[in-house]
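K.L.:
To start, I am sharing the structure in question, which I have written as structure tokens.
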Amino acid sequence: MWRPLLGWLLCLIPALAMAQDEPLRVAFKGELLSLNRAQAISREPLPADLQAPLGSVWKLFVYAWLVDTGAREPAYECRGQSKEEVYCCTPGGKIERDQALVKSCGLYFEPARLGIKDADWRVYWQARQAPEWLLDLPSLQPATRVSVAALLKVLAVMPAQDQARRVLLDVVLNAADGNVAGELGSRLRVKTWSWLRDQDAASRQGGFAGWTADAEPIWAGGRGTSQRVLRDYAQALASVIPVEWPVDAGRCVEVGLFSRYPLRRVLSGESVVSAGPLRGDYRVEFMNGNALDIHSDGELFLLNDTLVARVDREEYVARVLQREASAEPVEAAKALAVAIRTYLLQNATRHGDCLSIDDSSSRQRVAPRPASAGTRNIAAWTSDLVLAGSAVTYHSDQPGPDRLSWQQAVEQANAGQRYDAILLHAYPRASLSRWDNPVASCEVLPAAQDWLQKQRHTWRPRLDSETGYNEISSFAVCRLTFGRPYVDRERQRIYVRGVLSLQDRLDLTHEYLHLAFEAHPNGQDETYIEGLARHLLLE
């Protein structure tokens, strides 16, 4: 009786293992790639007959319609009347268009709510030579199967894709507790999708569709939800998605070069240069007797005895990285590039259509020549990424509060730390975010943080005697918006409501102890942690 059952189970185990290891399929640049969790395992031309469920990607086309037609639709208000509101907002809240796309709030994009007429929709997309499945508004459903090749083709010419690409960077930033952005940087700008598996309605399939940072359409599909796909295959995706200079390299930056060193003259060969744009090699002589060779491809201007550079934002980041540090080691360079871009965002002023900032040791020093391929590669890998939640500074060798030390970053990178971990160490209260919407995931509670810092000194004699206690050198106390207090161990953040009531202080103490006992089994013992918290506060 048991032998046939055992034999059946032994046959089933390899099948289950194969199902778990089913590769992720990625359609990109006319190819279909199969990926395991580490790398590509095969490539072939993209089959014309490959189809997949549309899933949540239908919302991306409604978003494009709204942006391109200049619609002014109302926000969606959550009233607790639909279970689908879990993808939108909490009861009593509301959600706007961009975040509705990022969070995949289907209720926001319902055509009936938006008043989109079938005939208007068809005429709009017919004018853009869209495939038949996109022309029929009622058929724009998650279950609709579409040609992957046709989907990529329409994404390549989709209206409003510039804005969509910027907004969809938030999908990567929010995925898998930030780990996807740690692996991929800003290279993916995609809308996620999940749906029932074709042959097994009890399980899920998912992936994403959208673009890379340089506007190349991309699609992916595999076993599991979209969030699982991003989490499990981030390393493999990083190995196949190239780093290209972004299509939108950012608003121009106007830099007053050598702002602390008055110019004597600019020479082209033996000739003194008069005012105007510069193109070629030049020698700059300063009033203090020093001289410097520079090069311009037309981005430098001599105006009233002042040299001014007008460059794209990402070129600016690359030039500062080149002048202040280097492109190696790579993870340290990525961290500094994010800090440079954030400093620009926080300190530049507006001058017409450009940002304006001086080139000086008190601001950021800028290379007076085109950036190297290495520093441009680092800027492109991190394009649009900034920090939100704290002021950002950096120094060559002196770390400090909210200040990155390049020397220390190099040591951390050489020890195997990734750029996001390096940034977290330097700026514990900050979160990776995007340039045009810098929102911190941690709203710091200074009063709660100060209270905990003072209490730790009082508690130290007792806590030092507790097995497994490790005093945390840096942490942040963040505002809890809903749910129960918790601790984010990876980022060393404690989420609580405040510090005003006794319960607030108990919650804060409790979660701090979870963090401080993280490396010991006591940290997982709720009875022990709660008892110790009450002893510290009440006894």
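Ordering of the structure tokens sets the chain letters (A, B, ...); residue numbers start at 1 within each chain; ligands are numbered from 1 in the order shown.
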I'd like the neighbourhood of range 288-301 of chain A as a ChimeraX atom specification, where a residue qualifies if any of its atoms comes within 12 Å (using only C-alpha atoms), though same-chain residues fewer than 6 positions away should be ignored.

P.N.:
/A:252-258,260-269,273-282,307-312,315-316,366-371

K.L.:
Excluding Pro399 in chain A and its own-chain neighbours fewer than 5 positions away, which residues fall within 12 Å of it when counting only C-alpha atoms? Please give them as a list in words.

P.N.:
Val392, Thr393, Tyr394, Leu404, Ser405, Trp406, Gln407, Gln408, Ala409, Ile422, Leu423, His425, Ala426 and Tyr427 of chain A

K.L.:
Since we have the selection now, will you write its residues out, keeping C-alpha atoms, as a compact mmCIF listing (two decimals), in the first residue's frame?

P.N.:
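Result saved to result_34.txt:
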```
# COMPACT_ATOMS: atom_id res chain seq x y z
CA VAL A 392 23.07 65.65 2.84
CA THR A 393 26.76 66.58 3.00
CA TYR A 394 29.97 64.66 2.35
CA LEU A 404 29.34 60.63 4.02
CA SER A 405 33.11 60.16 4.17
CA TRP A 406 34.55 59.10 0.80
CA GLN A 407 37.43 57.35 2.54
CA GLN A 408 35.05 55.38 4.74
CA ALA A 409 32.79 54.61 1.76
CA ILE A 422 26.85 52.69 2.54
CA LEU A 423 24.24 55.45 2.21
CA HIS A 425 25.25 54.12 7.35
CA ALA A 426 25.98 57.76 6.48
CA TYR A 427 22.35 58.97 6.46
```

K.L.:
Using only C-alpha atoms, which residue out of A:Gly250, A:Gly206, A:Gly374, A:Gly416 lies closest to Leu345 in chain A?

P.N.:
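Of all the options, A:Gly250 lies closest to Leu345 in chain A.
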
K.L.:
Mind the document's chain letters and residue numbers, and return as a list in words the residues of range 210-312 of chain A that DSSP labels alpha helix (DSSP H).

P.N.:
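The alpha helix (DSSP H) residues within range 210-312 of chain A come out as Ser226, Gln227, Arg228, Val229, Leu230, Arg231, Asp232, Tyr233, Ala234, Gln235, Ala236, Leu237, Ala238, Ser239 and Val240 of chain A.
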
K.L.:
Save out the residues we just selected, N, CA and C atoms, as a PDB file, in the first residue's frame.

P.N.:
```
ATOM      1  N   SER A 226       4.146  39.617  -9.065  1.00  0.00           N
ATOM      2  CA  SER A 226       5.116  40.567  -9.602  1.00  0.00           C
ATOM      3  C   SER A 226       6.165  40.940  -8.558  1.00  0.00           C
ATOM      4  N   GLN A 227       5.751  41.089  -7.304  1.00  0.00           N
ATOM      5  CA  GLN A 227       6.707  41.445  -6.262  1.00  0.00           C
ATOM      6  C   GLN A 227       7.717  40.325  -6.030  1.00  0.00           C
ATOM      7  N   ARG A 228       7.256  39.085  -6.135  1.00  0.00           N
ATOM      8  CA  ARG A 228       8.181  37.964  -5.993  1.00  0.00           C
ATOM      9  C   ARG A 228       9.152  37.925  -7.161  1.00  0.00           C
ATOM     10  N   VAL A 229       8.653  38.198  -8.366  1.00  0.00           N
ATOM     11  CA  VAL A 229       9.523  38.226  -9.545  1.00  0.00           C
ATOM     12  C   VAL A 229      10.622  39.267  -9.366  1.00  0.00           C
ATOM     13  N   LEU A 230      10.255  40.484  -8.957  1.00  0.00           N
ATOM     14  CA  LEU A 230      11.252  41.530  -8.770  1.00  0.00           C
ATOM     15  C   LEU A 230      12.250  41.155  -7.670  1.00  0.00           C
ATOM     16  N   ARG A 231      11.748  40.608  -6.589  1.00  0.00           N
ATOM     17  CA  ARG A 231      12.629  40.257  -5.469  1.00  0.00           C
ATOM     18  C   ARG A 231      13.589  39.129  -5.849  1.00  0.00           C
ATOM     19  N   ASP A 232      13.062  38.076  -6.459  1.00  0.00           N
ATOM     20  CA  ASP A 232      13.863  36.879  -6.716  1.00  0.00           C
ATOM     21  C   ASP A 232      14.824  37.044  -7.892  1.00  0.00           C
ATOM     22  N   TYR A 233      14.464  37.886  -8.863  1.00  0.00           N
ATOM     23  CA  TYR A 233      15.264  37.959 -10.082  1.00  0.00           C
ATOM     24  C   TYR A 233      16.000  39.289 -10.245  1.00  0.00           C
ATOM     25  N   ALA A 234      16.076  40.096  -9.189  1.00  0.00           N
ATOM     26  CA  ALA A 234      16.751  41.395  -9.308  1.00  0.00           C
ATOM     27  C   ALA A 234      18.208  41.223  -9.722  1.00  0.00           C
ATOM     28  N   GLN A 235      18.895  40.253  -9.135  1.00  0.00           N
ATOM     29  CA  GLN A 235      20.305  40.038  -9.469  1.00  0.00           C
ATOM     30  C   GLN A 235      20.462  39.639 -10.934  1.00  0.00           C
ATOM     31  N   ALA A 236      19.604  38.739 -11.419  1.00  0.00           N
ATOM     32  CA  ALA A 236      19.693  38.302 -12.808  1.00  0.00           C
ATOM     33  C   ALA A 236      19.344  39.440 -13.762  1.00  0.00           C
ATOM     34  N   LEU A 237      18.317  40.228 -13.418  1.00  0.00           N
ATOM     35  CA  LEU A 237      17.946  41.365 -14.263  1.00  0.00           C
ATOM     36  C   LEU A 237      19.094  42.367 -14.346  1.00  0.00           C
ATOM     37  N   ALA A 238      19.796  42.560 -13.228  1.00  0.00           N
ATOM     38  CA  ALA A 238      20.922  43.488 -13.232  1.00  0.00           C
ATOM     39  C   ALA A 238      22.019  43.037 -14.182  1.00  0.00           C
ATOM     40  N   SER A 239      22.117  41.724 -14.404  1.00  0.00           N
ATOM     41  CA  SER A 239      23.178  41.204 -15.270  1.00  0.00           C
ATOM     42  C   SER A 239      22.854  41.336 -16.757  1.00  0.00           C
ATOM     43  N   VAL A 240      21.585  41.557 -17.109  1.00  0.00           N
ATOM     44  CA  VAL A 240      21.220  41.604 -18.532  1.00  0.00           C
ATOM     45  C   VAL A 240      20.741  42.973 -19.005  1.00  0.00           C
TER      46      VAL A 240
END
```

K.L.:
With only C-alpha atoms as the counted atoms, please give the residues lying no more than 8 Å from range 208-214 of chain A, apart from itself and same-chain residues fewer than 6 positions off, as a PyMOL selection string.

P.N.:
chain A and resi 57+155+165+186-193+220-221+226+241+244-248

K.L.:
Those residues you just picked out, can you put them in a file as a short mmCIF file (atom, residue, chain, number, x, y, z; two decimals), in the first residue's frame with C-alpha atoms?

P.N.:
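Okay, this is what ended up in part-v7.cif:
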```
data_model
loop_
_atom_site.label_atom_id
_atom_site.label_comp_id
_atom_site.auth_asym_id
_atom_site.auth_seq_id
_atom_site.Cartn_x
_atom_site.Cartn_y
_atom_site.Cartn_z
CA VAL A 57 -0.68 46.94 -17.46
CA LEU A 155 5.03 50.95 -25.50
CA ARG A 165 9.01 56.56 -16.83
CA SER A 186 17.36 53.30 -11.60
CA ARG A 187 17.56 51.22 -14.80
CA LEU A 188 13.96 49.89 -14.68
CA ARG A 189 10.84 52.07 -15.03
CA VAL A 190 8.01 49.53 -15.13
CA LYS A 191 4.39 48.77 -14.26
CA THR A 192 4.03 45.46 -12.45
CA TRP A 193 1.34 42.88 -13.30
CA ALA A 220 8.89 40.13 -18.12
CA GLY A 221 6.74 37.24 -16.96
CA SER A 226 5.12 40.57 -9.60
CA ILE A 241 19.91 45.19 -18.48
CA GLU A 244 22.89 53.41 -20.90
CA TRP A 245 22.94 57.19 -20.74
CA PRO A 246 19.33 58.13 -19.87
CA VAL A 247 17.11 59.68 -22.54
CA ASP A 248 16.20 62.44 -20.09
#
```
